[in-house]
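structure_4.cif (mmCIF, C-alpha atoms and all ligand atoms)
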```
data_model
loop_
_atom_site.label_atom_id
_atom_site.label_comp_id
_atom_site.auth_asym_id
_atom_site.auth_seq_id
_atom_site.Cartn_x
_atom_site.Cartn_y
_atom_site.Cartn_z
CA MET R 1 -21.12 -22.61 -13.57
CA HIS R 2 -22.39 -20.08 -11.02
CA ILE R 3 -22.36 -20.86 -7.34
CA ILE R 4 -24.18 -17.66 -6.33
CA ARG R 5 -26.78 -15.81 -8.37
CA VAL R 6 -28.31 -12.58 -7.13
CA LYS R 7 -31.13 -11.08 -9.15
CA ASP R 8 -32.86 -7.70 -8.64
CA LEU R 9 -32.16 -7.73 -4.92
CA ARG R 10 -33.78 -4.92 -2.91
CA LYS R 11 -33.62 -4.07 0.75
CA LYS R 12 -35.10 -1.10 2.52
CA TYR R 13 -34.52 -0.24 6.15
CA GLU R 14 -36.95 2.12 7.83
CA ASN R 15 -35.90 5.18 5.88
CA VAL R 16 -32.87 4.00 3.88
CA GLU R 17 -33.03 2.08 0.62
CA ALA R 18 -29.74 0.23 1.13
CA VAL R 19 -29.92 -2.15 -1.89
CA LYS R 20 -31.82 -0.90 -4.93
CA GLY R 21 -32.05 -3.77 -7.41
CA VAL R 22 -28.69 -5.49 -7.41
CA SER R 23 -27.84 -8.39 -9.74
CA PHE R 24 -24.60 -10.33 -10.11
CA ASP R 25 -23.29 -13.87 -10.53
CA VAL R 26 -20.37 -15.49 -8.77
CA ARG R 27 -18.64 -18.23 -10.72
CA ASN R 28 -17.64 -21.41 -8.92
CA GLY R 29 -14.02 -21.50 -7.72
CA THR R 30 -13.28 -17.86 -8.46
CA PHE R 31 -12.18 -14.90 -6.38
CA PHE R 32 -15.07 -12.43 -6.46
CA ALA R 33 -14.99 -8.92 -4.96
CA LEU R 34 -17.74 -6.48 -4.08
CA LEU R 35 -16.11 -3.05 -3.93
CA GLY R 36 -17.67 0.10 -2.56
CA GLN R 37 -17.46 2.91 -0.04
CA ASN R 38 -18.83 2.61 3.45
CA GLY R 39 -22.60 2.60 3.23
CA ALA R 40 -22.72 1.28 -0.37
CA GLY R 41 -24.81 -1.74 0.68
CA LYS R 42 -22.13 -4.45 0.77
CA SER R 43 -22.84 -5.84 4.25
CA THR R 44 -26.58 -5.75 3.68
CA THR R 45 -26.14 -7.77 0.47
CA ILE R 46 -23.91 -10.31 2.20
CA GLU R 47 -26.12 -10.65 5.23
CA ILE R 48 -29.12 -11.34 2.98
CA ILE R 49 -27.16 -13.99 1.01
CA ALA R 50 -26.03 -15.56 4.31
CA THR R 51 -29.71 -15.84 5.43
CA LEU R 52 -29.20 -13.37 8.30
CA LYS R 53 -31.39 -10.57 6.98
CA SER R 54 -34.63 -10.66 5.06
CA LYS R 55 -34.85 -9.18 1.59
CA ASN R 56 -37.71 -7.05 0.28
CA GLU R 57 -37.49 -8.23 -3.31
CA GLY R 58 -35.35 -10.28 -5.64
CA GLU R 59 -33.91 -13.76 -5.88
CA VAL R 60 -30.81 -15.34 -4.40
CA ILE R 61 -29.66 -18.83 -5.37
CA VAL R 62 -26.65 -20.44 -3.69
CA ASP R 63 -25.39 -23.68 -5.22
CA GLY R 64 -28.89 -24.48 -6.45
CA ALA R 65 -30.57 -23.68 -3.10
CA VAL R 66 -33.16 -20.91 -3.16
CA LEU R 67 -33.03 -18.27 -0.42
CA GLY R 68 -36.24 -18.33 1.59
CA LYS R 69 -36.85 -22.03 0.80
CA ASP R 70 -33.59 -23.90 1.36
CA ASP R 71 -31.87 -21.69 3.93
CA ASP R 72 -30.30 -24.62 5.81
CA ALA R 73 -28.60 -25.79 2.61
CA ILE R 74 -27.35 -22.24 1.98
CA ARG R 75 -25.87 -22.04 5.48
CA LYS R 76 -23.99 -25.31 4.85
CA THR R 77 -22.56 -24.03 1.57
CA LEU R 78 -21.30 -20.74 3.03
CA GLY R 79 -18.66 -19.89 5.61
CA VAL R 80 -18.83 -16.23 6.61
CA VAL R 81 -16.34 -13.97 8.38
CA PHE R 82 -18.29 -10.92 9.48
CA GLN R 83 -16.87 -7.47 10.22
CA TYR R 84 -17.76 -8.00 13.85
CA SER R 85 -16.55 -11.14 15.62
CA VAL R 86 -19.27 -13.70 16.27
CA LEU R 87 -17.21 -15.72 18.74
CA ASP R 88 -18.24 -16.01 22.38
CA LYS R 89 -15.61 -13.84 24.07
CA GLU R 90 -15.84 -15.59 27.43
CA LEU R 91 -14.95 -18.98 25.90
CA THR R 92 -11.68 -20.24 24.46
CA VAL R 93 -11.21 -20.57 20.72
CA ARG R 94 -11.33 -24.37 21.08
CA GLU R 95 -14.63 -24.19 22.99
CA ASN R 96 -16.08 -21.88 20.34
CA LEU R 97 -15.07 -24.30 17.60
CA ALA R 98 -16.53 -27.26 19.54
CA ILE R 99 -19.89 -25.48 19.84
CA ARG R 100 -19.82 -24.72 16.16
CA ALA R 101 -18.94 -28.34 15.36
CA GLY R 102 -22.04 -29.41 17.29
CA PHE R 103 -24.11 -27.14 15.09
CA TYR R 104 -22.93 -29.11 12.04
CA ASN R 105 -23.16 -32.52 13.81
CA MET R 106 -19.40 -33.01 13.43
CA ASP R 107 -17.91 -35.75 15.60
CA LYS R 108 -14.82 -35.23 17.81
CA GLU R 109 -12.47 -36.91 15.35
CA ARG R 110 -13.54 -34.64 12.50
CA LEU R 111 -13.18 -31.57 14.74
CA ARG R 112 -9.66 -32.72 15.68
CA THR R 113 -8.60 -33.09 12.04
CA ARG R 114 -10.06 -29.70 11.16
CA ILE R 115 -8.12 -28.08 14.03
CA GLU R 116 -4.96 -29.81 12.75
CA THR R 117 -5.57 -28.30 9.33
CA PHE R 118 -6.00 -24.84 10.86
CA SER R 119 -2.81 -25.31 12.89
CA SER R 120 -0.74 -25.79 9.77
CA LEU R 121 -2.67 -23.16 7.82
CA MET R 122 -2.72 -20.33 10.34
CA ASP R 123 -0.87 -21.32 13.48
CA ILE R 124 -4.01 -21.45 15.55
CA ASP R 125 -2.21 -23.62 18.18
CA ALA R 126 -0.61 -20.52 19.60
CA PHE R 127 -3.91 -19.22 20.98
CA ILE R 128 -6.50 -21.99 20.69
CA ASP R 129 -6.83 -22.47 24.46
CA ARG R 130 -7.06 -18.79 25.29
CA ARG R 131 -10.31 -16.98 25.90
CA VAL R 132 -11.36 -14.95 22.88
CA LYS R 133 -11.49 -11.75 24.92
CA THR R 134 -7.72 -11.98 25.52
CA LEU R 135 -6.78 -12.27 21.81
CA SER R 136 -5.28 -9.55 19.64
CA GLY R 137 -7.33 -8.27 16.68
CA GLY R 138 -5.33 -10.39 14.23
CA GLU R 139 -5.66 -13.57 16.33
CA ARG R 140 -9.37 -13.00 16.76
CA ARG R 141 -9.84 -12.60 13.01
CA LYS R 142 -7.97 -15.88 12.44
CA ALA R 143 -10.22 -17.57 15.00
CA ASP R 144 -13.24 -16.16 13.15
CA LEU R 145 -11.78 -17.53 9.92
CA ALA R 146 -11.32 -20.98 11.51
CA ARG R 147 -14.95 -20.89 12.65
CA ALA R 148 -16.09 -19.97 9.13
CA LEU R 149 -14.01 -22.73 7.54
CA LEU R 150 -14.85 -25.43 10.10
CA HIS R 151 -17.48 -27.24 8.02
CA SER R 152 -15.41 -27.02 4.78
CA PRO R 153 -17.80 -24.65 3.00
CA LYS R 154 -17.80 -24.30 -0.77
CA VAL R 155 -17.85 -20.50 -0.50
CA LEU R 156 -15.91 -18.35 1.94
CA ILE R 157 -17.48 -14.92 2.39
CA LEU R 158 -15.25 -12.25 3.89
CA ASP R 159 -16.91 -8.97 4.85
CA GLU R 160 -14.17 -6.32 4.96
CA PRO R 161 -11.87 -8.79 6.72
CA THR R 162 -8.84 -6.53 7.15
CA THR R 163 -10.69 -3.46 8.45
CA GLY R 164 -9.53 -2.43 11.90
CA LEU R 165 -6.37 -4.56 11.86
CA ASP R 166 -2.86 -3.18 12.32
CA PRO R 167 -0.69 -3.30 9.16
CA LYS R 168 1.19 -6.47 10.17
CA SER R 169 -2.00 -8.42 11.02
CA ARG R 170 -3.61 -7.12 7.85
CA LYS R 171 -0.69 -8.39 5.77
CA ASP R 172 -0.69 -11.77 7.58
CA LEU R 173 -4.43 -12.20 7.08
CA TRP R 174 -4.20 -11.20 3.46
CA GLU R 175 -1.44 -13.76 2.84
CA LEU R 176 -3.59 -16.37 4.57
CA ILE R 177 -6.50 -15.59 2.25
CA GLN R 178 -4.15 -15.90 -0.74
CA THR R 179 -3.00 -19.32 0.55
CA ILE R 180 -6.58 -20.52 0.95
CA LYS R 181 -7.30 -19.28 -2.56
CA THR R 182 -4.39 -21.10 -4.17
CA GLU R 183 -4.52 -24.30 -2.12
CA THR R 184 -8.26 -24.99 -2.29
CA ASP R 185 -10.92 -24.74 -4.96
CA MET R 186 -13.11 -22.70 -2.64
CA THR R 187 -14.95 -19.72 -4.05
CA ILE R 188 -13.90 -16.55 -2.23
CA PHE R 189 -16.36 -13.68 -1.99
CA LEU R 190 -14.79 -10.55 -0.56
CA THR R 191 -16.27 -7.18 0.26
CA THR R 192 -13.85 -4.33 0.67
CA HIS R 193 -13.23 -0.63 0.27
CA TYR R 194 -9.52 -1.19 -0.35
CA MET R 195 -8.46 -1.17 -4.00
CA GLU R 196 -5.33 -3.18 -3.25
CA GLU R 197 -7.48 -6.10 -2.18
CA VAL R 198 -9.33 -6.44 -5.48
CA LEU R 199 -6.36 -6.35 -7.83
CA ASP R 200 -6.19 -10.14 -8.14
CA ALA R 201 -9.95 -10.64 -8.26
CA ASP R 202 -11.36 -12.62 -11.19
CA HIS R 203 -14.44 -10.43 -11.07
CA VAL R 204 -15.08 -7.10 -9.37
CA VAL R 205 -18.54 -5.63 -8.88
CA ILE R 206 -18.51 -1.92 -8.03
CA LEU R 207 -21.40 -1.07 -5.75
CA ASP R 208 -22.38 2.53 -5.10
CA GLU R 209 -25.41 3.75 -3.17
CA GLY R 210 -27.08 0.36 -3.45
CA LEU R 211 -26.56 -0.03 -7.19
CA VAL R 212 -24.10 -1.96 -9.37
CA LYS R 213 -22.19 0.69 -11.31
CA ALA R 214 -19.75 -1.56 -13.20
CA GLU R 215 -18.39 -5.09 -13.20
CA ASP R 216 -15.47 -6.87 -14.83
CA SER R 217 -12.00 -8.16 -13.98
CA ALA R 218 -9.82 -5.57 -12.23
CA GLU R 219 -7.59 -5.34 -15.29
CA ASN R 220 -10.48 -4.80 -17.72
CA LEU R 221 -12.00 -2.15 -15.45
CA ARG R 222 -8.66 -0.35 -15.46
CA LEU R 223 -8.39 -0.55 -19.24
CA LYS R 224 -11.97 0.60 -19.80
CA HIS R 225 -12.42 3.24 -17.12
CA ALA R 226 -9.07 4.88 -16.46
CA SER R 227 -6.27 6.19 -18.59
CA ASP R 228 -2.53 6.57 -18.07
CA THR R 229 -1.50 10.17 -17.47
CA LEU R 230 1.44 12.23 -18.68
CA ARG R 231 2.51 14.54 -15.84
CA ILE R 232 4.70 17.46 -16.89
CA VAL R 233 6.44 20.09 -14.77
CA PRO R 234 6.51 23.03 -17.25
CA LYS R 235 9.31 25.58 -17.60
CA ASP R 236 7.00 28.39 -18.63
CA ALA R 237 3.60 29.18 -20.11
CA ARG R 238 4.68 28.11 -23.59
CA LEU R 239 3.98 24.48 -22.82
CA SER R 240 0.25 24.94 -22.21
CA GLN R 241 0.04 27.13 -25.31
CA ALA R 242 1.80 24.45 -27.41
CA LEU R 243 -0.57 21.76 -26.13
CA LYS R 244 -3.57 23.98 -26.87
CA ASP R 245 -2.24 24.65 -30.38
CA GLU R 246 -2.12 20.90 -30.99
CA GLY R 247 -5.60 20.39 -29.52
CA ILE R 248 -4.26 18.11 -26.75
CA PRO R 249 -6.59 18.16 -23.73
CA PHE R 250 -4.99 18.66 -20.30
CA THR R 251 -5.72 19.81 -16.76
CA TRP R 252 -3.64 21.47 -14.07
CA LYS R 253 -2.93 19.91 -10.71
CA ASN R 254 -0.69 21.87 -8.31
CA SER R 255 1.36 23.50 -11.11
CA ILE R 256 1.69 20.17 -12.92
CA VAL R 257 0.17 19.66 -16.36
CA MET R 258 -1.81 16.42 -16.56
CA VAL R 259 -2.50 14.94 -20.01
CA PRO R 260 -4.79 11.88 -20.21
CA LEU R 261 -3.35 9.30 -22.60
CA LYS R 262 -4.56 6.47 -24.80
CA ASP R 263 -1.36 4.64 -23.94
CA ALA R 264 2.18 5.26 -22.71
CA PHE R 265 3.56 5.66 -26.28
CA GLU R 266 1.33 8.67 -26.86
CA GLY R 267 2.80 10.21 -23.71
CA LEU R 268 6.32 9.60 -24.91
CA SER R 269 5.56 11.19 -28.25
CA ILE R 270 3.99 14.33 -26.67
CA ALA R 271 6.91 14.66 -24.24
CA THR R 272 9.46 14.35 -27.04
CA ARG R 273 7.74 16.99 -29.20
CA HIS R 274 7.57 19.52 -26.36
CA LYS R 275 10.74 18.80 -24.45
CA ALA R 276 11.96 22.40 -24.85
CA HIS R 277 9.12 23.61 -22.60
CA PHE R 278 9.37 21.43 -19.52
CA GLU R 279 11.68 20.61 -16.65
CA SER R 280 10.64 16.99 -16.16
CA PHE R 281 7.90 14.53 -16.97
CA GLU R 282 6.61 11.13 -15.96
CA ILE R 283 3.99 8.74 -17.28
CA VAL R 284 1.74 7.48 -14.49
CA LYS R 285 -0.17 4.22 -14.97
CA ALA R 286 -3.89 4.30 -14.30
CA ASN R 287 -4.79 2.66 -11.02
CA MET R 288 -7.97 1.25 -9.52
CA ASP R 289 -8.60 4.40 -7.49
CA ASP R 290 -8.93 6.27 -10.80
CA VAL R 291 -11.33 3.56 -11.99
CA PHE R 292 -13.54 4.01 -8.94
CA LEU R 293 -13.45 7.80 -9.25
CA ASN R 294 -14.31 7.69 -12.95
CA ILE R 295 -17.19 5.27 -12.45
CA THR R 296 -18.78 6.73 -9.32
CA GLY R 297 -17.43 10.30 -9.25
CA LYS R 298 -16.21 9.61 -5.70
CA GLU R 299 -12.94 8.84 -3.96
CA LEU R 300 -12.96 5.28 -2.65
CA LEU R 301 -11.30 6.11 0.64
CA GLU R 302 -13.17 8.80 2.46
CA ASN R 303 -11.27 11.43 4.41
CA GLY R 304 -9.93 9.99 7.61
CA THR R 305 -10.16 6.40 6.39
CA GLU R 306 -6.89 4.66 6.99
CA ASN R 307 -5.06 3.44 3.91
CA PRO R 308 -3.70 -0.11 4.16
CA ARG R 309 -0.29 0.77 2.75
P1 LIG R 401 -21.57 -1.20 3.53
O1 LIG R 401 -21.41 -2.61 4.03
O2 LIG R 401 -21.27 -1.07 2.08
O3 LIG R 401 -20.81 -0.22 4.37
P2 LIG R 401 -24.27 -1.36 4.57
O4 LIG R 401 -24.97 -2.47 3.90
O5 LIG R 401 -23.75 -1.60 5.97
O6 LIG R 401 -23.13 -0.79 3.64
O7 LIG R 401 -25.25 -0.11 4.68
C1 LIG R 401 -25.97 0.40 3.57
C2 LIG R 401 -26.90 1.52 4.03
O8 LIG R 401 -27.92 0.99 4.88
C3 LIG R 401 -26.21 2.60 4.84
O9 LIG R 401 -26.81 3.82 4.52
C4 LIG R 401 -26.49 2.20 6.27
O10 LIG R 401 -26.50 3.32 7.12
C5 LIG R 401 -27.89 1.60 6.14
N1 LIG R 401 -28.14 0.54 7.16
C6 LIG R 401 -27.43 -0.58 7.34
N2 LIG R 401 -27.96 -1.35 8.33
C7 LIG R 401 -29.06 -0.66 8.77
C8 LIG R 401 -30.03 -0.93 9.78
N3 LIG R 401 -30.02 -2.03 10.51
N4 LIG R 401 -31.02 0.00 9.95
C9 LIG R 401 -31.08 1.11 9.20
N5 LIG R 401 -30.18 1.41 8.23
C10 LIG R 401 -29.17 0.55 8.02
#
```
Representation of the structure as structure tokens:
Amino acid sequence: MHIIRVKDLRKKYENVEAVKGVSFDVRNGTFFALLGQNGAGKSTTIEIIATLKSKNEGEVIVDGAVLGKDDDAIRKTLGVVFQYSVLDKELTVRENLAIRAGFYNMDKERLRTRIETFSSLMDIDAFIDRRVKTLSGGERRKADLARALLHSPKVLILDEPTTGLDPKSRKDLWELIQTIKTETDMTIFLTTHYMEEVLDADHVVILDEGLVKAEDSAENLRLKHASDTLRIVPKDARLSQALKDEGIPFTWKNSIVMVPLKDAFEGLSIATRHKAHFESFEIVKANMDDVFLNITGKELLENGTENPR
């Protein structure tokens, strides 16, 4: 059962075609990830789904509600944490939540029980009566999360939620997302440019320059699009000659011979046959960065982008 269906979605800004015919389905209760570099079209896609931006073409259906016809129903189904905080900075967190509760016609009792839930989930008590402008980045993101979860949405959309946070807040927030995932049956829809954040995803869609380039579980993407590598530090030139003689393909990287492998056993066998010609070797497992590079021809993290670990 799909809770979100996106079909042939297109969006053009004045001179940029940001989304060029994107289709994907999000299954109910799963952890779904949209992965791509900055500028790939992730936020545009999310903002269209969340009824905040108009589309040029295509169809979006959220829990049976059709975008453009049943937008109120869509807004009730979704809770969204945007990259930028949407809280009123002059007000306290509690006041922000109360305003939001009014938007959903929630009575005071319901608001109180929701705040209790957030207190045990993410320790919101510590800062609920402080003005948003005085909060740290991590606290503000938690307050944004509380706002998004207030009306108990079926789908939680997180647009690059850990971007801009210090490592400790990033880890805390990530653990919180994991808790929400395991303790509720909510569908989680994440956009990110961090590989680490998609490793547990049930389904990953790789978006590049406004197009879907591949989709599958993280593990299947790794199996299909990246190989383990045998890395050898050679003793002399005889190693490369021996590999050539056997027809084994390899490349050089900083004086290290890199042999792509079908599996780790093949690496072991090559290393054993040629052990006279090298100083040391290791077999490196394929990772999701290799997957992204092989699919898009690009590094996921651009120069200067901070790595989460
Ligand atoms: P991502 O979320 O993957 O970083 P975006 O959806 O923000 O990507 O952006 C996709 C492309 O659309 C980029 O080239 C970006 O510069 C452009 N873009 C985004 N918003 C606007 C806008 N309001 N006006 C013009 N171009 C925009």
Next item on the list: Throw together the list of residues within 7 Å of ligand LIG 401 (chain R), counting only C-alpha atoms and all ligand atoms, and drop it here as a PyMOL selection string.
Entry: chain R and resi 13-14+16-18+36-45
Note to self: List as number ranges by chain the protein and nucleic acid residues near R:Gly29, meaning an atom at most 9 Å away when all atoms listed in the file are counted, but skip any in the same chain fewer than 2 places from it.
What the structure shows: R: 3, 26-27, 31, 154-155, 181, 184-188
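Going from atom CA of R:Pro234 over to atom CA of R:Glu279, you cover 5.7 Å.
Taking atom CA of R:His274 and atom CA of R:Asn254 as endpoints, the distance between them is 20.0 Å.
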Next item on the list: Compare R:Thr229, R:Thr296, R:Thr251, R:Ser85 by their minimum atom-to-atom distance to R:Glu282, counting only C-alpha atoms, and give me the closest one.
Entry: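 Distance minimum relative to R:Glu282 lands on R:Thr229.
When atom CA of R:Leu149 is paired with atom CA of R:Arg10, their separation reads 28.6 Å.
Among the candidates R:Asn220, R:Asn28, R:Ser240, R:Ser169, the one nearest to R:Ser136 when counting only C-alpha atoms is R:Ser169.
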Taking only C-alpha atoms into account, produce a table as CSV in which each residue of stretch 129-176 of chain R with an atom at most 9 Å from an atom of stretch 107-116 of chain R appears once, together with its shortest atom pair and the distance in Å to one decimal, ordered by chain and rising number.
```
residue,atom,partner,partner_atom,distance
R:Ala146,CA,R:Ile115,CA,8.2
R:Leu149,CA,R:Arg114,CA,8.8
R:Leu150,CA,R:Arg114,CA,6.5
R:His151,CA,R:Arg114,CA,8.4
R:Ser152,CA,R:Arg114,CA,8.7
```
Next item on the list: Select all residues near (-5.6, -1.4, -5.1) (cut-off 12 Å, inclusive, file coordinates), counting only C-alpha atoms, and output them as an MDAnalysis selection string.
Entry: chainID R and resid 35 192:201 204 218:219 222 286:292 300:301 307:309
Notebook entry, point to check: Can you tell me, as a list in words, what residues are no more than 12 Å from R:Leu261 when counting all atoms listed in the file, ignoring any on the same chain fewer than 3 positions away?
Noted result: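 Listed by chain and then number, they are Leu223, Ala226, Ser227, Asp228, Thr229, Leu230, Arg231, Ile248, Pro249, Phe250, Met258, Ala264, Phe265, Glu266, Gly267, Leu268, Ser269, Ile270, Ala271, Ile283, Val284, Lys285 and Ala286 of chain R.
Closest approach to R:Lys142 among R:Ile256, R:Leu165, R:Leu173, R:Ile61 is made by R:Leu173 (distances from only C-alpha atoms).
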Item checked: Within 10 Å of R:Leu52 using only C-alpha atoms, minus same-chain residues under 6 positions, as a list of chain:residue names ->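 Selected residues are R:Thr44, R:Ile46, R:Asp71, R:Arg75.
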How would the residues just chosen look if you wrote them out with C-alpha atoms as an mmCIF file, in the coordinates of the input?
```
data_model
loop_
_atom_site.group_PDB
_atom_site.id
_atom_site.type_symbol
_atom_site.label_atom_id
_atom_site.label_comp_id
_atom_site.auth_asym_id
_atom_site.auth_seq_id
_atom_site.Cartn_x
_atom_site.Cartn_y
_atom_site.Cartn_z
ATOM 1 C CA THR R 44 -26.580 -5.750 3.680
ATOM 2 C CA ILE R 46 -23.910 -10.310 2.200
ATOM 3 C CA ASP R 71 -31.870 -21.690 3.930
ATOM 4 C CA ARG R 75 -25.870 -22.040 5.480
#
```
Item checked: Residue nearest R:Thr51 among R:Asp8, R:Asp88, R:Asp72, R:Glu246 (counting only C-alpha atoms) -> R:Asp72
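Comparing the minimum interatomic distances between R:Leu207 and each of R:Lys298, R:Lys89, R:Lys69, R:Lys76, counting only C-alpha atoms, we find that R:Lys298 sits nearest.
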